[in-house]
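For reference, work.cif is printed below; it contains mmCIF, C-alpha atoms.
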data_entry
#
loop_
_atom_site.label_atom_id
_atom_site.label_comp_id
_atom_site.auth_asym_id
_atom_site.auth_seq_id
_atom_site.Cartn_x
_atom_site.Cartn_y
_atom_site.Cartn_z
CA MET O 581 -16.37 -6.74 18.56
CA SER O 582 -18.84 -7.46 21.36
CA ILE O 583 -18.98 -4.94 24.23
CA LEU O 584 -19.58 -6.10 27.82
CA LEU O 585 -19.57 -2.71 29.55
CA GLU O 586 -20.71 0.59 28.07
CA VAL O 587 -20.17 3.79 30.02
CA ASN O 588 -22.22 6.58 28.44
CA LYS O 589 -21.54 10.25 29.28
CA ILE O 590 -21.13 9.75 33.02
CA VAL O 591 -21.04 12.93 35.07
CA LYS O 592 -20.15 13.00 38.77
CA GLN O 593 -19.69 16.11 40.92
CA TYR O 594 -18.84 16.54 44.60
CA GLY O 595 -20.03 20.05 45.35
CA ASP O 596 -18.24 22.33 42.90
CA TYR O 597 -15.63 19.69 42.06
CA VAL O 598 -16.22 17.77 38.81
CA ALA O 599 -14.85 14.23 39.18
CA LEU O 600 -16.16 12.91 35.84
CA ASN O 601 -17.12 15.07 32.89
CA GLU O 602 -19.31 13.14 30.42
CA VAL O 603 -16.94 10.16 30.36
CA SER O 604 -17.78 7.39 27.90
CA LEU O 605 -15.97 4.04 27.60
CA SER O 606 -16.53 0.74 25.80
CA VAL O 607 -15.01 -2.38 27.38
CA PRO O 608 -14.86 -5.36 24.96
CA LYS O 609 -15.85 -8.82 26.15
CA GLY O 610 -12.95 -11.10 26.97
CA SER O 611 -10.41 -8.27 27.13
CA ILE O 612 -8.11 -6.76 29.72
CA TYR O 613 -8.91 -3.06 29.69
CA GLY O 614 -6.42 -0.67 31.28
CA LEU O 615 -8.03 2.26 33.08
CA LEU O 616 -5.24 4.78 33.49
CA GLY O 617 -4.80 8.26 34.88
CA PRO O 618 -2.88 10.26 37.49
CA ASN O 619 -4.09 10.58 41.07
CA GLY O 620 -7.34 12.52 41.21
CA ALA O 621 -8.18 11.90 37.54
CA GLY O 622 -11.59 10.33 38.28
CA LYS O 623 -10.76 6.61 37.98
CA THR O 624 -11.90 5.69 41.49
CA SER O 625 -15.13 7.67 41.10
CA LEU O 626 -15.91 5.74 37.92
CA ILE O 627 -15.08 2.38 39.49
CA ARG O 628 -17.31 3.15 42.47
CA ILE O 629 -20.17 4.03 40.10
CA ILE O 630 -19.75 0.77 38.14
CA ASN O 631 -19.86 -1.11 41.45
CA GLN O 632 -22.98 0.87 42.48
CA ILE O 633 -21.25 2.15 45.59
CA THR O 634 -22.19 5.65 44.44
CA LEU O 635 -24.55 6.90 41.73
CA PRO O 636 -23.72 9.19 38.80
CA ASP O 637 -25.32 12.61 38.51
CA SER O 638 -26.15 11.82 34.90
CA GLY O 639 -25.31 9.28 32.22
CA THR O 640 -25.93 5.54 31.97
CA ILE O 641 -24.00 2.30 32.31
CA ILE O 642 -24.93 -0.82 30.33
CA LEU O 643 -23.63 -4.21 31.50
CA ASP O 644 -23.97 -7.05 28.99
CA GLY O 645 -26.86 -5.35 27.22
CA GLU O 646 -28.79 -4.32 30.35
CA LYS O 647 -28.91 -1.01 32.17
CA LEU O 648 -26.94 -1.35 35.39
CA HIS O 649 -29.20 -2.75 38.13
CA PRO O 650 -28.64 -3.80 41.78
CA LYS O 651 -28.82 -7.48 40.72
CA HIS O 652 -25.63 -6.96 38.71
CA VAL O 653 -23.55 -6.88 41.88
CA GLN O 654 -23.40 -10.68 41.50
CA TYR O 655 -21.85 -10.30 38.04
CA ILE O 656 -18.98 -8.07 39.16
CA GLY O 657 -15.85 -8.89 41.16
CA TYR O 658 -14.03 -5.92 42.67
CA LEU O 659 -10.55 -5.86 44.14
CA PRO O 660 -10.19 -2.35 45.66
CA GLU O 661 -6.86 -0.63 46.18
CA GLU O 662 -7.73 -0.21 49.85
CA ARG O 663 -8.43 -3.77 50.92
CA GLY O 664 -11.49 -4.48 53.05
CA LEU O 665 -11.15 -7.80 54.89
CA TYR O 666 -12.25 -8.24 58.50
CA LYS O 667 -8.97 -8.62 60.37
CA SER O 668 -10.23 -10.60 63.37
CA MET O 669 -12.30 -13.06 61.30
CA LYS O 670 -10.94 -16.45 60.20
CA VAL O 671 -10.00 -16.73 56.52
CA GLY O 672 -12.30 -19.63 55.63
CA GLU O 673 -15.28 -18.28 57.55
CA GLN O 674 -14.86 -14.84 55.96
CA CYS O 675 -14.50 -16.19 52.43
CA LEU O 676 -17.65 -18.33 52.80
CA TYR O 677 -19.58 -15.33 54.10
CA LEU O 678 -18.48 -13.01 51.29
CA ALA O 679 -19.11 -15.67 48.63
CA GLN O 680 -22.68 -16.16 49.82
CA MET O 681 -23.19 -12.40 49.66
CA LYS O 682 -22.31 -12.72 45.95
CA GLY O 683 -25.06 -15.31 45.44
CA LEU O 684 -23.25 -18.63 45.88
CA THR O 685 -24.66 -21.37 48.05
CA LYS O 686 -22.44 -22.56 50.90
CA ALA O 687 -21.67 -25.76 48.98
CA GLU O 688 -20.79 -23.83 45.80
CA ALA O 689 -18.63 -21.43 47.78
CA LYS O 690 -16.77 -24.28 49.51
CA LYS O 691 -16.10 -25.95 46.16
CA GLN O 692 -14.71 -22.76 44.64
CA LEU O 693 -12.63 -22.00 47.73
CA ASP O 694 -11.12 -25.49 47.73
CA TYR O 695 -10.17 -24.95 44.08
CA TRP O 696 -8.57 -21.53 44.62
CA PHE O 697 -6.84 -22.39 47.90
CA ASP O 698 -5.28 -25.40 46.21
CA ARG O 699 -4.36 -23.42 43.09
CA LEU O 700 -2.60 -20.69 45.09
CA GLY O 701 -1.04 -23.06 47.62
CA ILE O 702 -2.82 -21.59 50.64
CA GLN O 703 -4.71 -24.66 51.92
CA GLY O 704 -3.29 -24.22 55.42
CA TRP O 705 -4.70 -20.73 55.88
CA TRP O 706 -8.35 -21.71 56.41
CA ASN O 707 -8.38 -21.21 60.18
CA LYS O 708 -5.94 -18.30 60.31
CA LYS O 709 -7.18 -14.81 61.10
CA ILE O 710 -6.46 -12.04 58.60
CA GLN O 711 -4.47 -10.16 61.24
CA GLU O 712 -2.11 -13.15 61.44
CA LEU O 713 -1.23 -12.89 57.72
CA SER O 714 1.35 -10.71 56.02
CA LYS O 715 0.11 -8.02 53.65
CA GLY O 716 0.93 -10.20 50.64
CA MET O 717 -0.85 -13.21 52.13
CA ALA O 718 -3.94 -11.11 52.82
CA GLN O 719 -3.78 -9.87 49.23
CA LYS O 720 -4.10 -13.45 48.00
CA ILE O 721 -7.23 -13.93 50.10
CA GLN O 722 -8.70 -10.69 48.75
CA PHE O 723 -7.97 -11.86 45.19
CA VAL O 724 -9.75 -15.17 45.83
CA VAL O 725 -12.79 -13.37 47.27
CA CYS O 726 -12.89 -11.19 44.15
CA VAL O 727 -12.89 -14.03 41.60
CA LEU O 728 -14.49 -17.07 43.26
CA HIS O 729 -18.09 -16.33 42.17
CA GLN O 730 -16.89 -16.34 38.53
CA PRO O 731 -18.20 -12.86 37.65
CA LYS O 732 -18.66 -11.55 34.11
CA LEU O 733 -16.66 -8.43 34.95
CA LEU O 734 -13.58 -8.22 37.17
CA ILE O 735 -12.24 -4.87 38.35
CA PHE O 736 -8.70 -4.91 39.73
CA ASP O 737 -7.46 -1.67 41.31
CA GLU O 738 -3.68 -1.90 41.86
CA PRO O 739 -3.82 -5.72 42.16
CA PHE O 740 -0.05 -6.14 42.64
CA SER O 741 0.21 -3.76 45.60
CA GLY O 742 1.92 -5.51 48.52
CA PHE O 743 3.21 -8.48 46.50
CA ASP O 744 6.84 -9.48 46.14
CA PRO O 745 7.97 -10.17 42.52
CA VAL O 746 7.30 -13.92 42.75
CA ASN O 747 3.73 -13.57 44.01
CA ALA O 748 3.04 -10.62 41.69
CA ASN O 749 3.96 -12.92 38.81
CA ILE O 750 1.63 -15.64 40.14
CA ILE O 751 -1.29 -13.20 40.25
CA LYS O 752 -0.39 -11.85 36.80
CA ASP O 753 -0.57 -15.39 35.40
CA GLU O 754 -3.93 -15.93 37.11
CA ILE O 755 -5.30 -12.73 35.58
CA LEU O 756 -4.20 -13.89 32.13
CA ALA O 757 -5.76 -17.31 32.76
CA LEU O 758 -9.06 -15.68 33.77
CA LYS O 759 -9.04 -13.75 30.50
CA GLU O 760 -8.43 -16.97 28.55
CA GLN O 761 -11.45 -18.47 30.32
CA GLY O 762 -13.62 -15.60 29.05
CA SER O 763 -13.53 -13.06 31.87
CA THR O 764 -13.60 -9.36 31.06
CA ILE O 765 -11.18 -7.38 33.21
CA ILE O 766 -10.80 -3.69 34.03
CA PHE O 767 -7.27 -3.16 35.25
CA SER O 768 -6.38 0.10 37.02
CA THR O 769 -2.76 0.69 37.95
CA HIS O 770 0.11 3.15 37.99
CA ARG O 771 2.54 0.39 36.97
CA MET O 772 2.87 1.06 33.26
CA GLU O 773 5.02 -2.03 32.68
CA SER O 774 2.06 -4.15 33.83
CA VAL O 775 -0.18 -2.37 31.33
CA GLU O 776 2.30 -3.24 28.56
CA GLU O 777 2.26 -6.90 29.60
CA LEU O 778 -1.44 -7.41 30.22
CA CYS O 779 -3.75 -4.95 28.49
CA ASP O 780 -5.50 -5.28 25.14
CA ASP O 781 -7.23 -1.88 25.33
CA ILE O 782 -6.59 1.24 27.38
CA ALA O 783 -8.31 4.47 28.35
CA LEU O 784 -6.61 7.48 29.91
CA ILE O 785 -8.61 9.83 32.14
CA HIS O 786 -7.14 13.15 33.24
CA GLN O 787 -8.80 15.99 35.14
CA SER O 788 -12.20 14.27 34.88
CA ASN O 789 -12.03 13.88 31.07
CA LYS O 790 -11.25 10.90 28.86
CA LEU O 791 -8.27 11.80 26.66
CA ILE O 792 -7.40 8.43 25.09
CA GLU O 793 -9.23 5.18 24.36
CA GLY O 794 -8.48 2.33 22.01
CA LYS O 795 -6.54 -0.84 21.30
CA LEU O 796 -3.13 -0.58 22.94
CA ASP O 797 -1.28 -1.26 19.68
CA ASP O 798 -3.36 1.36 17.84
CA VAL O 799 -2.66 3.96 20.53
CA ARG O 800 1.08 3.27 20.37
CA LYS O 801 1.04 3.53 16.57
CA LYS O 802 -0.66 6.92 16.85
CA TYR O 803 2.15 8.19 19.07
CA ARG O 804 5.07 6.67 17.13
CA THR O 805 7.72 9.20 16.03
CA ASN O 806 9.38 7.31 13.15
CA SER O 807 12.69 7.28 14.99
CA PHE O 808 15.21 4.48 15.42
CA GLU O 809 17.80 3.60 18.03
CA VAL O 810 21.08 2.77 16.34
CA GLY O 811 24.30 1.22 17.59
CA ILE O 812 27.34 1.08 15.29
CA LEU O 813 31.04 0.29 15.53
CA SER O 814 32.92 2.53 13.12
CA ASP O 815 36.54 3.53 12.47
CA ASN O 816 35.36 6.89 11.14
CA VAL O 817 32.75 8.30 13.50
CA GLU O 818 33.07 11.84 12.15
CA GLY O 819 32.43 10.68 8.58
CA LEU O 820 29.48 8.56 9.74
CA LEU O 821 27.89 11.47 11.62
CA PHE O 822 28.38 13.73 8.60
CA ASP O 823 26.68 11.23 6.28
CA ILE O 824 23.75 10.82 8.67
CA SER O 825 23.35 14.60 9.05
CA GLN O 826 22.86 15.01 5.30
CA LYS O 827 19.57 13.14 5.38
CA PHE O 828 18.48 12.65 8.99
CA THR O 829 18.25 14.33 12.37
CA SER O 830 20.12 12.50 15.12
CA ALA O 831 20.98 12.81 18.80
CA PRO O 832 22.90 10.70 21.33
CA ALA O 833 20.91 7.72 22.62
CA GLN O 834 20.94 5.66 25.80
CA PHE O 835 20.29 1.93 25.68
CA LYS O 836 21.86 -1.13 27.28
CA SER O 837 24.58 -2.82 25.29
CA LEU O 838 27.62 -5.03 25.78
CA ASN O 839 29.51 -3.13 23.08
CA ASN O 840 31.28 0.22 23.25
CA GLU O 841 29.61 1.45 20.07
CA LEU O 842 28.29 4.81 18.96
CA LYS O 843 24.67 5.09 20.11
CA LEU O 844 22.25 7.36 18.29
CA GLU O 845 18.55 8.10 18.04
CA VAL O 846 17.82 8.92 14.41
CA GLN O 847 14.66 10.61 13.16
CA LEU O 848 13.83 9.27 9.70
CA GLY O 849 11.52 12.02 8.49
CA ASN O 850 10.36 11.01 5.00
CA ALA O 851 13.17 8.52 4.49
CA SER O 852 12.89 4.75 4.97
CA PRO O 853 14.69 2.49 7.44
CA ASN O 854 16.54 0.96 4.48
CA ASP O 855 17.97 4.39 3.62
CA LEU O 856 19.43 4.67 7.09
CA LEU O 857 20.70 1.10 7.08
CA HIS O 858 22.47 1.70 3.77
CA ILE O 859 24.50 4.56 5.28
CA LEU O 860 25.27 2.62 8.45
CA THR O 861 26.47 -0.52 6.71
CA GLN O 862 28.73 1.56 4.46
CA ARG O 863 30.42 3.10 7.48
CA GLY O 864 30.74 0.29 10.01
CA GLN O 865 29.26 -2.71 11.82
CA VAL O 866 25.65 -2.30 12.94
CA THR O 867 25.17 -3.75 16.44
CA HIS O 868 21.72 -2.37 17.23
CA PHE O 869 18.86 -1.18 15.04
CA MET O 870 15.39 -0.83 16.53
CA GLU O 871 12.40 1.40 16.05
CA LYS O 872 11.74 3.48 19.15
CA ILE O 873 8.11 2.58 19.80
CA PRO O 874 6.53 4.76 22.49
CA SER O 875 5.84 2.96 25.76
CA VAL O 876 2.62 3.39 27.69
CA ASN O 877 4.64 5.37 30.22
CA ASP O 878 5.86 7.74 27.47
CA ILE O 879 2.29 8.20 26.18
CA PHE O 880 0.94 8.73 29.71
CA ILE O 881 3.50 11.43 30.54
CA GLN O 882 3.24 13.15 27.15
CA THR O 883 -0.56 13.29 27.28
CA VAL O 884 -0.92 14.37 30.89
CA THR O 885 1.82 17.02 30.83
CA SER O 886 0.53 18.57 27.59
CA LYS O 887 -2.88 19.38 29.12
#
For this file, write the structure as structure tokens.
Amino acid sequence: MSILLEVNKIVKQYGDYVALNEVSLSVPKGSIYGLLGPNGAGKTSLIRIINQITLPDSGTIILDGEKLHPKHVQYIGYLPEERGLYKSMKVGEQCLYLAQMKGLTKAEAKKQLDYWFDRLGIQGWWNKKIQELSKGMAQKIQFVVCVLHQPKLLIFDEPFSGFDPVNANIIKDEILALKEQGSTIIFSTHRMESVEELCDDIALIHQSNKLIEGKLDDVRKKYRTNSFEVGILSDNVEGLLFDISQKFTSAPAQFKSLNNELKLEVQLGNASPNDLLHILTQRGQVTHFMEKIPSVNDIFIQTVTSK
């Protein structure tokens, strides 16, 4: 696995407050990397350091094999949570200006802007001022500014903020397309369902420390509880519950269903799923049988509240 961004033991303090405590991360090339954590965890401090807005007190950052250097600003695209467009400036004029700040010539910038304006269906916005656009429309412009210089590393901080579901889905598809084209993406959000949909790897920072890092599937496997959600239609519920209690631990479950069945969460312990299925099929009609795999939201809450 090739690593694009290495964060090595970064420390950042503001007076007596420690924002980052020897945080180390490895962001694989061509991946979408979820940077997670509650408010105040240190995510924004780390993102600002990667973008060279602020400097760390100690530690190093390596971008594509080189120690982070001012020239690397051209290799990074940053979409901040607090957007920073000039409200009284025309869209096209502003985009050209910001693209040239990222190293593109005016001709290159115009070519990329024509491509993205056409792709997002915003060709008619060129001469509009930002203050004339809705929040969602301005978000699209900010997204274009972030990606148009084709950076090696994209950092999206709450990229779906301000979008309705239709436009959020459009931007989600664009993020996935950028990954397919080889972009490496750091994705910071509080929307855990978006992490489930998009991310290959995740890291969780809490109270200035990294608590979790790894492939999303590996992290979820680590937190699995070997429990199953079960739905069953039975003429003898008492007998069924007795049989289950002889080998398993169970509790009432909540999941969506069109049937009025008995719903249980069953902890397997050392038994196998087939052992449970054998009991269920002897006692009724199984309508639902699914392993309860922990969601990113479950892992987030469990990890943060246990510290």
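Run against this file, the PyMOL selection byres ((chain O and resi 834) around 9) gives back O:Glu809, O:Pro832, O:Ala833, O:Phe835, O:Lys836, O:Lys843, O:Leu844, O:Glu845.
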What do you get, as an MDAnalysis selection string, if you spell out every residue that the PyMOL selection byres ((chain O and resi 740) around 9) selects here?
chainID O and resid 719 737:739 741:745 747:749 751:752 769
Please, which residues are within 6 Å of (-11.1, -4.4, 43.1) by the file's coordinates, counting only C-alpha atoms, and could they come as a tab-separated table (two decimals) with C-alpha atoms, keeping the file's coordinate frame?
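See point.tsv below for the written result:
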chain	number	residue	atom	x	y	z
O	658	TYR	CA	-14.03	-5.92	42.67
O	659	LEU	CA	-10.55	-5.86	44.14
O	660	PRO	CA	-10.19	-2.35	45.66
O	735	ILE	CA	-12.24	-4.87	38.35
O	736	PHE	CA	-8.70	-4.91	39.73
O	737	ASP	CA	-7.46	-1.67	41.31
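The residue that comes closest to His868 of chain O, out of O:Leu848, O:Ile750, O:Ala679, O:Val810 and on the basis of only C-alpha atoms, is O:Val810.
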Skip Val846 of chain O itself and residues of its chain fewer than 5 positions away, then list as JSON, numbers by chain all residues within 6 Å of it, counting only C-alpha atoms.
{"O": [807, 808, 829, 830]}
Who sits within 6 Å of Leu585 of chain O, only C-alpha atoms, same chain under 2 positions skipped, as a ChimeraX atom specification
/O:583,606-607,642-643
Using C-alpha atoms, can you write the selected residues to a file as a short mmCIF file (atom, residue, chain, number, x, y, z; two decimals), in the frame of the given file?
data_model
loop_
_atom_site.label_atom_id
_atom_site.label_comp_id
_atom_site.auth_asym_id
_atom_site.auth_seq_id
_atom_site.Cartn_x
_atom_site.Cartn_y
_atom_site.Cartn_z
CA ILE O 583 -18.98 -4.94 24.23
CA SER O 606 -16.53 0.74 25.80
CA VAL O 607 -15.01 -2.38 27.38
CA ILE O 642 -24.93 -0.82 30.33
CA LEU O 643 -23.63 -4.21 31.50
#
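For the pair atom CA of Ser763 of chain O and atom CA of Asp798 of chain O, the interatomic distance is 22.5 Å.
Distances to Gln787 of chain O were evaluated for O:Ser825, O:Asn601, O:Ser774, O:Ser668 using all atoms listed in the file, and the minimum falls at O:Asn601.
One distance worth recording is that between atom CA of Val866 of chain O and atom CA of Asp823 of chain O, which is 15.1 Å.
All polymer residues at most 10 Å from (-16.2, -16.5, 41.4), using all atoms listed in the file, appear as Gln654, Tyr655, Ile656, Gly657, Ala679, Lys682, Gly683, Leu684, Glu688, Ala689, Gln692, Leu693, Trp696, Val724, Val725, Cys726, Val727, Leu728, His729, Gln730, Pro731, Lys732 and Leu734 of chain O.
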Applying the PyMOL selection byres ((chain O and resi 770) around 8) to the file I just gave you, which residues come out? Please list them as a PyMOL selection string.
chain O and resi 616-618+738+768-769+771-772
All residues 12 Å or closer to His786 of chain O, all atoms listed in the file, same chain fewer than 4 positions away omitted, as a compact mmCIF listing (two decimals) with C-alpha atoms, in the coordinates of the input:
# COMPACT_ATOMS: atom_id res chain seq x y z
CA VAL O 598 -16.22 17.77 38.81
CA ALA O 599 -14.85 14.23 39.18
CA LEU O 600 -16.16 12.91 35.84
CA ASN O 601 -17.12 15.07 32.89
CA VAL O 603 -16.94 10.16 30.36
CA LEU O 615 -8.03 2.26 33.08
CA LEU O 616 -5.24 4.78 33.49
CA GLY O 617 -4.80 8.26 34.88
CA PRO O 618 -2.88 10.26 37.49
CA ASN O 619 -4.09 10.58 41.07
CA GLY O 620 -7.34 12.52 41.21
CA ALA O 621 -8.18 11.90 37.54
CA GLY O 622 -11.59 10.33 38.28
CA LYS O 623 -10.76 6.61 37.98
CA LYS O 790 -11.25 10.90 28.86
CA LEU O 791 -8.27 11.80 26.66
CA ILE O 792 -7.40 8.43 25.09
CA PHE O 880 0.94 8.73 29.71
CA ILE O 881 3.50 11.43 30.54
CA THR O 883 -0.56 13.29 27.28
CA VAL O 884 -0.92 14.37 30.89
CA THR O 885 1.82 17.02 30.83
CA SER O 886 0.53 18.57 27.59
CA LYS O 887 -2.88 19.38 29.12
Computed gap from atom CA of Asn806 of chain O to atom CA of Pro874 of chain O is 10.1 Å
